[in-house]
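Novice: Sharing final.cif here; it has mmCIF, C-alpha atoms and all ligand atoms.
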```cif
data_structure
#
loop_
_atom_site.label_atom_id
_atom_site.label_comp_id
_atom_site.auth_asym_id
_atom_site.auth_seq_id
_atom_site.Cartn_x
_atom_site.Cartn_y
_atom_site.Cartn_z
CA MET A 14 -76.44 -23.84 4.70
CA THR A 15 -72.69 -23.51 4.03
CA ILE A 16 -70.73 -26.60 4.94
CA GLY A 17 -67.33 -25.76 6.38
CA PRO A 18 -64.06 -27.67 6.16
CA GLU A 19 -63.96 -31.32 7.15
CA GLY A 20 -60.81 -33.08 8.28
CA CYS A 21 -58.95 -35.01 10.90
CA LEU A 22 -55.58 -35.08 12.67
CA ASP A 23 -54.73 -38.76 12.12
CA ARG A 24 -51.25 -39.25 13.48
CA VAL A 25 -48.91 -37.49 15.89
CA GLY A 26 -45.52 -39.12 16.36
CA HIS A 27 -42.31 -38.69 14.40
CA ASP A 28 -44.55 -36.87 11.98
CA VAL A 29 -47.84 -35.03 12.25
CA ALA A 30 -50.34 -36.08 9.60
CA GLY A 31 -53.95 -35.55 8.74
CA TRP A 32 -56.25 -34.26 6.07
CA VAL A 33 -58.71 -31.47 5.45
CA TRP A 34 -60.92 -30.41 2.55
CA LEU A 35 -63.83 -28.15 1.75
CA PRO A 36 -66.66 -30.31 0.37
CA ALA A 37 -68.27 -27.27 -1.30
CA GLU A 38 -65.03 -26.57 -3.23
CA PRO A 39 -63.41 -29.98 -3.76
CA ALA A 40 -60.62 -28.66 -6.02
CA ARG A 41 -59.43 -26.17 -3.38
CA ARG A 42 -56.35 -27.07 -1.27
CA LEU A 43 -56.58 -25.63 2.22
CA ARG A 44 -53.80 -23.94 4.17
CA VAL A 45 -53.00 -25.59 7.48
CA GLU A 46 -51.06 -24.36 10.53
CA ILE A 47 -49.65 -26.90 12.95
CA LEU A 48 -49.10 -25.49 16.44
CA PHE A 49 -46.86 -27.01 19.11
CA ASP A 50 -46.85 -25.70 22.69
CA ASP A 51 -43.42 -26.67 24.09
CA PRO A 52 -41.64 -24.55 22.97
CA PRO A 53 -44.29 -22.63 20.98
CA THR A 54 -43.72 -23.52 17.34
CA ARG A 55 -45.84 -22.98 14.25
CA ILE A 56 -45.49 -24.75 10.89
CA GLY A 57 -47.53 -23.81 7.83
CA VAL A 58 -48.31 -26.39 5.15
CA LEU A 59 -50.73 -26.89 2.25
CA ALA A 60 -53.08 -29.88 2.50
CA ASP A 61 -52.46 -31.12 -1.03
CA ARG A 62 -50.93 -34.60 -0.60
CA HIS A 63 -52.64 -37.41 -2.42
CA ARG A 64 -54.09 -40.07 -0.11
CA PRO A 65 -55.71 -43.10 -1.77
CA ASP A 66 -57.89 -43.65 1.33
CA LEU A 67 -59.38 -40.15 0.97
CA GLU A 68 -60.02 -40.64 -2.74
CA GLY A 69 -61.59 -44.03 -1.98
CA ALA A 70 -63.82 -42.40 0.63
CA GLY A 71 -65.08 -39.88 -1.95
CA LYS A 72 -63.15 -36.86 -0.62
CA GLY A 73 -62.70 -35.23 -4.04
CA ASP A 74 -59.54 -36.37 -5.85
CA GLY A 75 -57.95 -37.38 -2.53
CA ARG A 76 -55.32 -34.58 -2.70
CA HIS A 77 -56.12 -33.20 0.74
CA GLY A 78 -53.54 -34.80 3.02
CA PHE A 79 -50.77 -33.10 4.96
CA ALA A 80 -47.75 -34.41 6.87
CA VAL A 81 -44.81 -32.62 8.50
CA PRO A 82 -41.95 -34.12 10.52
CA LEU A 83 -41.92 -33.39 14.24
CA PRO A 84 -39.27 -30.65 14.62
CA ASP A 85 -36.05 -32.03 16.14
CA ALA A 86 -36.21 -29.50 18.99
CA LEU A 87 -39.52 -31.02 20.16
CA ILE A 88 -38.54 -34.69 20.17
CA GLY A 89 -38.91 -36.14 23.66
CA ARG A 90 -40.75 -33.06 25.02
CA GLU A 91 -44.25 -34.44 24.35
CA PRO A 92 -45.68 -31.13 23.12
CA ALA A 93 -49.42 -30.64 22.66
CA VAL A 94 -50.22 -30.45 18.95
CA ASP A 95 -53.11 -28.48 17.51
CA VAL A 96 -54.15 -27.68 13.95
CA ARG A 97 -55.66 -24.42 12.72
CA LEU A 98 -56.94 -23.35 9.30
CA PRO A 99 -55.91 -19.71 8.69
CA ASP A 100 -58.76 -19.25 6.18
CA PHE A 101 -61.35 -20.70 8.60
CA PRO A 102 -60.31 -19.45 12.05
CA GLY A 103 -63.28 -21.01 13.85
CA ALA A 104 -62.89 -24.49 12.35
CA ARG A 105 -61.48 -27.36 14.42
CA LEU A 106 -60.22 -30.67 13.05
CA ARG A 107 -61.41 -33.93 14.54
CA GLY A 108 -58.73 -35.57 16.66
CA THR A 109 -57.29 -32.28 17.98
CA PRO A 110 -55.56 -31.46 20.25
CA ARG A 111 -53.12 -34.34 20.67
CA ARG A 112 -49.82 -34.95 22.40
CA ALA A 113 -46.69 -36.11 20.56
CA ILE A 114 -45.67 -39.22 22.52
CA LEU A 115 -42.73 -41.11 21.00
CA THR A 116 -41.98 -43.52 23.88
CA LEU A 117 -44.72 -44.98 26.03
CA GLY A 118 -42.71 -45.53 29.26
CA PHE A 119 -44.50 -46.67 32.43
CA VAL A 120 -48.21 -47.53 32.22
CA THR A 121 -50.27 -49.15 34.99
CA LEU A 122 -53.32 -51.31 34.38
CA ARG A 123 -55.89 -51.82 37.14
CA ALA A 124 -59.61 -51.98 37.82
CA ILE A 125 -61.30 -48.72 38.74
CA ARG A 126 -62.54 -48.36 42.30
CA PRO A 127 -66.20 -47.38 42.74
CA VAL A 128 -65.26 -45.13 45.67
CA GLY A 129 -62.96 -42.13 45.43
CA THR A 130 -62.33 -40.14 42.29
CA ASP A 131 -61.91 -43.00 39.77
CA PRO A 132 -65.51 -42.80 38.42
CA GLU A 133 -65.27 -39.01 37.85
CA ARG A 134 -61.89 -39.41 36.16
CA LEU A 135 -63.14 -42.21 33.92
CA CYS A 136 -66.25 -40.22 32.92
CA GLY A 137 -63.97 -37.28 32.11
CA PHE A 138 -61.80 -39.52 29.95
CA LEU A 139 -64.83 -40.97 28.12
CA ALA A 140 -66.21 -37.47 27.48
CA GLY A 141 -62.84 -36.38 26.09
CA MET A 142 -62.80 -39.35 23.73
CA VAL A 143 -66.28 -38.53 22.42
CA ARG A 144 -65.22 -34.90 21.83
CA LEU A 145 -62.03 -36.01 20.03
CA ASN A 146 -64.20 -38.12 17.72
CA GLY A 147 -66.41 -35.10 17.00
CA GLY A 148 -69.38 -36.31 19.08
CA CYS A 149 -71.43 -34.78 21.86
CA ALA A 150 -70.24 -35.89 25.30
CA ASP A 151 -73.44 -34.72 27.05
CA THR A 152 -75.53 -37.46 25.46
CA ALA A 153 -73.00 -40.20 24.69
CA VAL A 154 -71.24 -40.68 28.04
CA PRO A 155 -72.64 -42.33 31.18
CA GLY A 156 -72.88 -40.12 34.26
CA VAL A 157 -70.85 -40.82 37.40
CA ALA A 158 -73.91 -42.21 39.22
CA ASP A 159 -74.68 -44.58 36.29
CA LEU A 160 -71.10 -45.75 36.26
CA ARG A 161 -71.10 -46.38 40.03
CA SER A 162 -74.36 -48.30 39.84
CA TRP A 163 -73.08 -50.38 36.88
CA LEU A 164 -69.99 -51.30 38.92
CA ALA A 165 -72.16 -52.26 41.88
CA GLY A 166 -74.33 -54.48 39.65
CA GLY A 167 -72.52 -57.76 40.33
CA ALA A 168 -69.30 -59.77 40.30
CA ASP A 169 -69.62 -60.36 36.55
CA ARG A 170 -68.11 -57.01 35.58
CA CYS A 171 -64.89 -55.07 35.72
CA TRP A 172 -63.74 -51.76 34.27
CA LEU A 173 -59.98 -51.63 33.69
CA ILE A 174 -58.05 -48.43 33.15
CA ALA A 175 -54.58 -47.74 31.79
CA GLU A 176 -52.80 -44.81 33.44
CA ARG A 177 -49.68 -43.01 32.31
CA GLY A 178 -48.18 -40.21 34.42
CA GLY A 179 -51.37 -40.02 36.51
CA ARG A 180 -53.55 -39.57 33.41
CA ILE A 181 -56.08 -42.16 32.18
CA VAL A 182 -55.08 -43.09 28.62
CA GLY A 183 -57.31 -46.09 27.97
CA HIS A 184 -60.02 -48.32 29.33
CA CYS A 185 -61.49 -51.77 28.84
CA ARG A 186 -64.91 -52.77 30.11
CA ILE A 187 -65.94 -56.37 30.66
CA GLY A 188 -69.47 -57.32 31.64
CA PRO A 189 -72.87 -58.51 30.48
CA GLY A 190 -74.49 -56.99 27.39
CA TRP A 191 -74.58 -57.04 23.59
CA PRO A 192 -73.26 -58.92 21.66
CA ALA A 193 -73.00 -61.64 24.36
CA GLN A 194 -76.31 -63.27 25.14
CA ALA A 195 -77.50 -63.74 28.71
CA ASN A 196 -76.97 -67.16 30.35
CA THR A 197 -74.54 -68.43 27.72
CA GLY A 198 -71.44 -68.14 29.92
CA ALA A 199 -70.21 -65.22 27.83
CA LEU A 200 -69.34 -61.64 28.81
CA THR A 201 -68.73 -58.71 26.48
CA LEU A 202 -65.51 -56.71 26.20
CA GLY A 203 -65.08 -53.16 24.88
CA ILE A 204 -61.75 -51.35 24.62
CA GLU A 205 -60.58 -47.87 23.66
CA LEU A 206 -57.26 -46.08 23.97
CA HIS A 207 -56.54 -42.38 23.65
CA PRO A 208 -55.09 -41.77 20.16
CA ASP A 209 -51.86 -40.47 21.77
CA VAL A 210 -50.99 -43.98 22.98
CA ARG A 211 -52.20 -46.20 20.11
CA GLY A 212 -49.80 -48.42 18.19
CA PHE A 213 -47.38 -49.05 21.11
CA GLY A 214 -48.73 -52.50 22.04
CA LEU A 215 -50.80 -51.15 24.95
CA GLY A 216 -54.12 -52.33 23.46
CA ARG A 217 -52.77 -55.87 23.35
CA GLN A 218 -51.60 -55.69 26.99
CA LEU A 219 -54.92 -54.28 28.15
CA MET A 220 -56.75 -57.09 26.33
CA LEU A 221 -54.46 -59.65 27.98
CA ALA A 222 -55.19 -58.10 31.40
CA ALA A 223 -58.92 -58.32 30.63
CA HIS A 224 -58.50 -62.00 29.70
CA ARG A 225 -56.65 -62.56 32.96
CA TRP A 226 -59.52 -61.01 34.93
CA ALA A 227 -62.17 -62.93 32.98
CA ALA A 228 -60.49 -66.37 33.08
CA GLY A 229 -62.40 -68.41 35.63
CA ARG A 230 -65.19 -65.82 35.82
CA CYS A 231 -66.71 -66.56 32.39
CA ALA A 232 -66.23 -69.25 29.74
CA ARG A 233 -65.99 -66.88 26.78
CA LEU A 234 -65.47 -63.22 25.93
CA GLU A 235 -67.31 -61.65 23.01
CA LEU A 236 -66.95 -58.31 21.29
CA ALA A 237 -68.25 -56.46 18.27
CA ALA A 238 -66.08 -54.52 15.82
CA LEU A 239 -66.94 -52.44 12.78
CA PRO A 240 -65.86 -54.29 9.61
CA HIS A 241 -63.60 -51.40 8.50
CA ASN A 242 -61.76 -51.19 11.86
CA ALA A 243 -58.70 -53.00 10.48
CA HIS A 244 -56.48 -52.14 13.45
CA ALA A 245 -58.89 -53.58 16.03
CA LEU A 246 -59.65 -56.66 13.89
CA ALA A 247 -55.91 -57.37 13.51
CA LEU A 248 -55.49 -57.11 17.28
CA TYR A 249 -58.42 -59.45 18.02
CA ARG A 250 -57.43 -62.04 15.40
CA GLY A 251 -53.85 -61.95 16.65
CA LEU A 252 -55.10 -62.75 20.16
CA GLY A 253 -57.09 -65.74 18.87
CA TYR A 254 -60.62 -64.34 18.58
CA VAL A 255 -62.74 -66.16 16.01
CA ASP A 256 -65.33 -64.55 13.78
CA LEU A 257 -68.93 -65.46 14.63
CA GLY A 258 -70.39 -63.52 11.70
CA PRO A 259 -72.29 -60.24 11.36
CA ALA A 260 -74.38 -58.74 14.16
CA ALA A 261 -76.51 -55.59 14.06
CA LEU A 262 -76.08 -53.04 16.86
CA PRO A 263 -79.54 -53.01 18.50
CA GLU A 264 -79.79 -49.18 18.76
CA THR A 265 -78.83 -48.32 15.16
CA GLY A 266 -78.80 -51.56 13.13
CA GLU A 267 -75.18 -50.87 12.15
CA ILE A 268 -73.50 -54.12 11.12
CA HIS A 269 -70.52 -55.27 13.19
CA ARG A 270 -68.32 -58.39 13.20
CA ARG A 271 -69.12 -60.45 16.27
CA MET A 272 -66.03 -62.21 17.63
CA ALA A 273 -65.29 -64.50 20.56
CA ILE A 274 -62.50 -66.20 22.46
CA GLY A 275 -62.81 -69.15 24.85
CA LEU A 276 -61.04 -68.79 28.21
CA ALA A 277 -59.76 -71.67 30.32
CA ALA A 278 -60.00 -71.31 34.09
CA PRO A 279 -56.63 -70.35 35.62
CA ARG A 280 -54.67 -72.88 37.67
CA GLY A 281 -54.42 -70.48 40.60
CA PRO A 282 -56.87 -67.85 41.86
CA ALA A 283 -58.35 -65.33 39.41
CA TRP A 284 -56.49 -62.01 39.16
CA ASP A 285 -57.34 -59.41 41.80
CA ALA A 286 -57.65 -56.55 39.31
CA GLY A 287 -57.54 -53.96 42.10
CA ARG A 288 -53.76 -54.55 42.17
CA ALA A 289 -52.03 -52.81 39.31
CA ILE A 290 -49.96 -54.42 36.58
CA ILE A 291 -47.08 -52.12 35.62
CA LEU A 292 -45.92 -52.10 32.00
CA VAL A 293 -42.86 -50.49 30.54
CA GLY A 294 -43.44 -49.67 26.89
C1 LIG B 301 -57.95 -50.97 18.69
C2 LIG B 301 -56.99 -50.49 19.78
C3 LIG B 301 -57.54 -50.82 21.15
C4 LIG B 301 -55.65 -51.23 19.59
O1 LIG B 301 -54.74 -50.83 20.58
P1 LIG B 301 -53.21 -50.47 20.17
O2 LIG B 301 -52.42 -50.31 21.40
O3 LIG B 301 -53.25 -49.34 19.23
O4 LIG B 301 -52.80 -51.78 19.38
P2 LIG B 301 -51.43 -52.51 19.52
O5 LIG B 301 -50.31 -51.52 19.39
O6 LIG B 301 -51.46 -53.36 20.76
O7 LIG B 301 -51.42 -53.42 18.23
C5 LIG B 301 -52.13 -54.62 18.22
C6 LIG B 301 -52.18 -55.16 16.81
O8 LIG B 301 -52.91 -54.26 15.99
C7 LIG B 301 -52.34 -54.29 14.67
N1 LIG B 301 -51.99 -52.91 14.33
C8 LIG B 301 -51.19 -52.06 15.00
N2 LIG B 301 -51.17 -50.86 14.38
C9 LIG B 301 -51.96 -50.98 13.29
C10 LIG B 301 -52.37 -50.10 12.26
N3 LIG B 301 -51.97 -48.82 12.22
N4 LIG B 301 -53.23 -50.57 11.32
C11 LIG B 301 -53.68 -51.86 11.35
N5 LIG B 301 -53.33 -52.73 12.32
C12 LIG B 301 -52.49 -52.30 13.27
C13 LIG B 301 -51.20 -55.21 14.68
O9 LIG B 301 -51.69 -56.48 14.26
C14 LIG B 301 -50.83 -55.31 16.14
O10 LIG B 301 -50.32 -56.55 16.43
P3 LIG B 301 -48.70 -56.75 16.40
O11 LIG B 301 -48.18 -55.90 17.51
O12 LIG B 301 -48.55 -58.21 16.67
O13 LIG B 301 -48.23 -56.33 15.07
C15 LIG B 301 -56.72 -48.95 19.69
O14 LIG B 301 -56.10 -48.68 18.47
C16 LIG B 301 -57.97 -48.11 19.83
O15 LIG B 301 -58.34 -47.74 20.93
N6 LIG B 301 -58.62 -47.79 18.71
C17 LIG B 301 -59.80 -46.94 18.71
C18 LIG B 301 -60.99 -47.54 19.42
C19 LIG B 301 -61.35 -48.88 18.84
O16 LIG B 301 -61.29 -49.09 17.65
N7 LIG B 301 -61.74 -49.78 19.75
C20 LIG B 301 -62.16 -51.10 19.36
C21 LIG B 301 -63.60 -51.09 18.97
S1 LIG B 301 -64.12 -52.73 18.49
#
```
Let me see the structure of the file written as structure tokens.
Ligand SMILES: CC(C)(COP(=O)(O)OP(=O)(O)OC[C@H]1O[C@@H](n2cnc3c(N)ncnc32)[C@H](O)[C@@H]1OP(=O)(O)O)[C@@H](O)C(=O)NCCC(=O)NCCS

Specialist:
Amino acid sequence: MTIGPEGCLDRVGHDVAGWVWLPAEPARRLRVEILFDDPPTRIGVLADRHRPDLEGAGKGDGRHGFAVPLPDALIGREPAVDVRLPDFPGARLRGTPRRAILTLGFVTLRAIRPVGTDPERLCGFLAGMVRLNGGCADTAVPGVADLRSWLAGGADRCWLIAERGGRIVGHCRIGPGWPAQANTGALTLGIELHPDVRGFGLGRQLMLAAHRWAAGRCARLELAALPHNAHALALYRGLGYVDLGPAALPETGEIHRRMAIGLAAPRGPAWDAGRAIILVG
């Protein structure tokens, strides 16, 4: 079996950066075309930049990175960005397509409503995230009925969404489940943002909204992070989470860092998460 190119679009902002290589021919440098949709613009580049992280990960000699500045004419237009390989027309890079967002602007945070279109929209968002990560959305994403029944399962759960321009760009789920153990006063938190909106401080704000919902509803929040997820670990440590040591994901045995934060009950009533918090980033 021939193994095709492997790569990823890592960053889309003031520059567009990623990597791609052909494992069967590690010395080959691949040609890359970066496509913008507004106005249609095409930039060709060779993926030959040295990246220590790629070398460290065993991707040949690591000279497989590419980066081009966002053309001046596109700044502020938020164009969609896609990457094509002229020598492998059918190949798609992980993390494509993306949107070049340079300023976050207005974002609202609120709990999803079990009635109406929120569950369908959230499932659509989750499926899109799995596809961006190169996974199969059919098996990895809960169905709308599962999501509705999870929401109806009790007062110990909440699913927050972040919306920008009417589009869901992130979510944070709080409820029972691994790594928190039942009847310990702890709930578990999981968070994920669309790559277009990472690095603007939104993850931190969504976590703080989750804490606000959870304060008074549980004594402690727990989460599990992969040890190499430096960005997430920095966020959690910065918020005051402490490391409880390694924990194996029950389904796969994959080792995570289990972390926790204690929450004091609020002086006033707990936050009614159905009412949106509006952020300006
Ligand atoms: C992890 C995640 C939620 C963070 O959200 P975010 O909006 O990108 O993060 P923020 O911009 O709020 O940054 C929070 C902290 O992360 C750290 N950070 C930010 N960018 C970083 C980067 N590129 N590398 C390492 N750490 C970084 C900083 O410590 C920052 O704190 P500071 O603002 O005080 O400097 C988001 O990146 C994401 O969804 N990642 C993919 C999914 C994931 O990993 N989920 C967590 C699974 S456990």

Novice: Would you list the residues that come within 6 Å of ligand LIG 301 (chain B)? Count only C-alpha atoms and all ligand atoms and give the answer as a ChimeraX atom specification.

Specialist: /A:204-206,211-217,237-238,243-245,247-248

Novice: At what distance in Å, to one decimal, does atom CA of Leu202 of chain A lie from atom CA of Pro155 of chain A?

Specialist: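 Between these atoms lies a distance of 16.8 Å.
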
Novice: Between A:Pro189, A:Gly179, A:Gly203, A:Pro132, single out the one closest to Leu236 of chain A, counting all atoms listed in the file.

Specialist: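 Closest candidate: A:Gly203.
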
Novice: Could you give me, as a list in words, the residues that sit within 9 Å of (-55.2, -66.2, 31.8) in the file's coordinates, counting only C-alpha atoms?

Specialist: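 Collected hits near the coordinates: Leu221, Ala222, Ala223, His224, Arg225, Trp226, Ala227, Ala228, Gly229, Leu276, Ala277, Ala278, Pro279, Arg280, Ala283 and Trp284 of chain A.
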
Novice: Quote the spacing between atom CA of Asn196 of chain A and atom CA of Leu122 of chain A in Å to one decimal place.

Specialist: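 Between these atoms lies a distance of 28.8 Å.
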
Novice: As a VMD selection string, please: the residues near Arg41 of chain A (cut-off 12 Å, all atoms listed in the file, same-chain neighbours under 6 positions excluded).

Specialist: chain A and resid 18 33 to 35 59 to 61 72 to 77 100

Novice: Put those residues in a file: C-alpha atoms, as a PDB file, keeping the file's coordinate frame.

Specialist:
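Resulting contents of again-v4.pdb:
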```
ATOM      1  CA  PRO A  18     -64.060 -27.670   6.160  1.00  0.00           C
ATOM      2  CA  VAL A  33     -58.710 -31.470   5.450  1.00  0.00           C
ATOM      3  CA  TRP A  34     -60.920 -30.410   2.550  1.00  0.00           C
ATOM      4  CA  LEU A  35     -63.830 -28.150   1.750  1.00  0.00           C
ATOM      5  CA  LEU A  59     -50.730 -26.890   2.250  1.00  0.00           C
ATOM      6  CA  ALA A  60     -53.080 -29.880   2.500  1.00  0.00           C
ATOM      7  CA  ASP A  61     -52.460 -31.120  -1.030  1.00  0.00           C
ATOM      8  CA  LYS A  72     -63.150 -36.860  -0.620  1.00  0.00           C
ATOM      9  CA  GLY A  73     -62.700 -35.230  -4.040  1.00  0.00           C
ATOM     10  CA  ASP A  74     -59.540 -36.370  -5.850  1.00  0.00           C
ATOM     11  CA  GLY A  75     -57.950 -37.380  -2.530  1.00  0.00           C
ATOM     12  CA  ARG A  76     -55.320 -34.580  -2.700  1.00  0.00           C
ATOM     13  CA  HIS A  77     -56.120 -33.200   0.740  1.00  0.00           C
ATOM     14  CA  ASP A 100     -58.760 -19.250   6.180  1.00  0.00           C
TER      15      ASP A 100
END
```

Novice: Which residues are near Val293 of chain A? Cut-off 10 Å, all atoms listed in the file, ignore same chain within fewer than 6 positions. Put them as a list in words.

Specialist: Thr116, Leu117, Gly118, Phe119, Val120, Thr121 and Leu215 of chain A

Novice: As an exercise, work out the distance from atom CA of Val210 of chain A to atom CA of Asp169 of chain A in Å and give it to one decimal place.

Specialist: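 Separation of atom CA of Val210 of chain A and atom CA of Asp169 of chain A: 28.3 Å.
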
Novice: Give the answer as one residue: which of A:Leu173, A:Val182, A:Leu252, A:Ala232 has the shortest atom-to-atom distance to Ile290 of chain A, using only C-alpha atoms?

Specialist: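 Closest to Ile290 of chain A, using only C-alpha atoms: A:Leu173.
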
Novice: Considering all atoms listed in the file, can you say which of A:Leu200, A:Ala158, A:Ala165, A:Ala70 comes closest to Cys231 of chain A?

Specialist: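 Smallest separation from Cys231 of chain A among the options: A:Leu200.
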
Novice: Please work out which residues fall within 9 Å of (-48.2, -37.5, 10.5), coordinates as given in the file, with all atoms listed in the file counting, and return them as an NGL selection string.

Specialist: :A and (22-31 or 79-83)

Novice: Let me make sure I understand: among A:Ala37, A:Ile56, A:Ala168, A:Leu135, which one has the smallest atom-to-atom distance to Val154 of chain A if we use all atoms listed in the file?

Specialist: A:Leu135

Novice: So, with only C-alpha atoms as the atoms that count, which of A:Gly148, A:Pro282, A:Pro92, A:Gly275 lies closest to Asp50 of chain A?

Specialist: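 Looking only at the distances to Asp50 of chain A, the closest residue turns out to be A:Pro92.
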
Novice: Please, what is the axis-aligned box for every listed atom of segment 273-279 of chain A with 6 Å on each side, as centre and edge lengths in Å to one decimal, as lines of an AutoDock Vina configuration file?

Specialist:
```
center_x = -61.0
center_y = -68.1
center_z = 28.1
size_x = 20.7
size_y = 19.2
size_z = 27.1
```

Novice: Here is a test: counting all atoms listed in the file, which residue of A:Gly78, A:Val143, A:Gly17, A:Gly69 is nearest to Gly103 of chain A?

Specialist: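 Checking each candidate against Gly103 of chain A, we get A:Gly17 as the closest.
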
Novice: N, CA, C and O atoms for segment 245-261 of chain A, written as a PDB file, in the coordinates of the input, could you do that?

Specialist:
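Output contents, as saved in selection.pdb:
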```pdb
ATOM      1  N   ALA A 245     -58.286 -52.788  14.949  1.00  0.00           N
ATOM      2  CA  ALA A 245     -58.890 -53.580  16.030  1.00  0.00           C
ATOM      3  C   ALA A 245     -59.042 -55.042  15.594  1.00  0.00           C
ATOM      4  O   ALA A 245     -58.723 -55.966  16.360  1.00  0.00           O
ATOM      5  N   LEU A 246     -59.467 -55.278  14.360  1.00  0.00           N
ATOM      6  CA  LEU A 246     -59.650 -56.660  13.890  1.00  0.00           C
ATOM      7  C   LEU A 246     -58.332 -57.415  13.905  1.00  0.00           C
ATOM      8  O   LEU A 246     -58.281 -58.585  14.297  1.00  0.00           O
ATOM      9  N   ALA A 247     -57.234 -56.718  13.496  1.00  0.00           N
ATOM     10  CA  ALA A 247     -55.910 -57.370  13.510  1.00  0.00           C
ATOM     11  C   ALA A 247     -55.523 -57.740  14.939  1.00  0.00           C
ATOM     12  O   ALA A 247     -54.989 -58.824  15.194  1.00  0.00           O
ATOM     13  N   LEU A 248     -55.808 -56.841  15.869  1.00  0.00           N
ATOM     14  CA  LEU A 248     -55.490 -57.110  17.280  1.00  0.00           C
ATOM     15  C   LEU A 248     -56.277 -58.327  17.771  1.00  0.00           C
ATOM     16  O   LEU A 248     -55.713 -59.257  18.363  1.00  0.00           O
ATOM     17  N   TYR A 249     -57.573 -58.354  17.504  1.00  0.00           N
ATOM     18  CA  TYR A 249     -58.420 -59.450  18.020  1.00  0.00           C
ATOM     19  C   TYR A 249     -58.033 -60.788  17.394  1.00  0.00           C
ATOM     20  O   TYR A 249     -57.928 -61.801  18.085  1.00  0.00           O
ATOM     21  N   ARG A 250     -57.813 -60.778  16.070  1.00  0.00           N
ATOM     22  CA  ARG A 250     -57.430 -62.040  15.400  1.00  0.00           C
ATOM     23  C   ARG A 250     -56.091 -62.527  15.930  1.00  0.00           C
ATOM     24  O   ARG A 250     -55.907 -63.723  16.173  1.00  0.00           O
ATOM     25  N   GLY A 251     -55.162 -61.592  16.136  1.00  0.00           N
ATOM     26  CA  GLY A 251     -53.850 -61.950  16.650  1.00  0.00           C
ATOM     27  C   GLY A 251     -53.919 -62.577  18.040  1.00  0.00           C
ATOM     28  O   GLY A 251     -53.075 -63.382  18.416  1.00  0.00           O
ATOM     29  N   LEU A 252     -54.922 -62.202  18.809  1.00  0.00           N
ATOM     30  CA  LEU A 252     -55.100 -62.750  20.160  1.00  0.00           C
ATOM     31  C   LEU A 252     -55.866 -64.073  20.142  1.00  0.00           C
ATOM     32  O   LEU A 252     -56.004 -64.709  21.180  1.00  0.00           O
ATOM     33  N   GLY A 253     -56.394 -64.459  18.981  1.00  0.00           N
ATOM     34  CA  GLY A 253     -57.090 -65.740  18.870  1.00  0.00           C
ATOM     35  C   GLY A 253     -58.605 -65.658  18.830  1.00  0.00           C
ATOM     36  O   GLY A 253     -59.283 -66.690  18.916  1.00  0.00           O
ATOM     37  N   TYR A 254     -59.152 -64.454  18.695  1.00  0.00           N
ATOM     38  CA  TYR A 254     -60.620 -64.340  18.580  1.00  0.00           C
ATOM     39  C   TYR A 254     -61.062 -64.926  17.249  1.00  0.00           C
ATOM     40  O   TYR A 254     -60.378 -64.753  16.234  1.00  0.00           O
ATOM     41  N   VAL A 255     -62.189 -65.615  17.257  1.00  0.00           N
ATOM     42  CA  VAL A 255     -62.740 -66.160  16.010  1.00  0.00           C
ATOM     43  C   VAL A 255     -63.985 -65.361  15.630  1.00  0.00           C
ATOM     44  O   VAL A 255     -64.681 -64.804  16.485  1.00  0.00           O
ATOM     45  N   ASP A 256     -64.224 -65.338  14.322  1.00  0.00           N
ATOM     46  CA  ASP A 256     -65.330 -64.550  13.780  1.00  0.00           C
ATOM     47  C   ASP A 256     -66.616 -65.341  13.884  1.00  0.00           C
ATOM     48  O   ASP A 256     -66.692 -66.467  13.382  1.00  0.00           O
ATOM     49  N   LEU A 257     -67.632 -64.774  14.520  1.00  0.00           N
ATOM     50  CA  LEU A 257     -68.930 -65.460  14.630  1.00  0.00           C
ATOM     51  C   LEU A 257     -69.938 -64.941  13.612  1.00  0.00           C
ATOM     52  O   LEU A 257     -71.101 -65.309  13.665  1.00  0.00           O
ATOM     53  N   GLY A 258     -69.491 -64.024  12.728  1.00  0.00           N
ATOM     54  CA  GLY A 258     -70.390 -63.520  11.700  1.00  0.00           C
ATOM     55  C   GLY A 258     -70.931 -62.149  12.036  1.00  0.00           C
ATOM     56  O   GLY A 258     -70.585 -61.561  13.062  1.00  0.00           O
ATOM     57  N   PRO A 259     -71.802 -61.597  11.158  1.00  0.00           N
ATOM     58  CA  PRO A 259     -72.290 -60.240  11.360  1.00  0.00           C
ATOM     59  C   PRO A 259     -73.324 -60.155  12.493  1.00  0.00           C
ATOM     60  O   PRO A 259     -74.028 -61.130  12.768  1.00  0.00           O
ATOM     61  N   ALA A 260     -73.374 -59.000  13.122  1.00  0.00           N
ATOM     62  CA  ALA A 260     -74.380 -58.740  14.160  1.00  0.00           C
ATOM     63  C   ALA A 260     -74.751 -57.270  14.098  1.00  0.00           C
ATOM     64  O   ALA A 260     -73.867 -56.416  13.956  1.00  0.00           O
ATOM     65  N   ALA A 261     -76.044 -56.978  14.170  1.00  0.00           N
ATOM     66  CA  ALA A 261     -76.510 -55.590  14.060  1.00  0.00           C
ATOM     67  C   ALA A 261     -76.586 -54.955  15.448  1.00  0.00           C
ATOM     68  O   ALA A 261     -77.173 -55.537  16.366  1.00  0.00           O
TER      69      ALA A 261
END
```
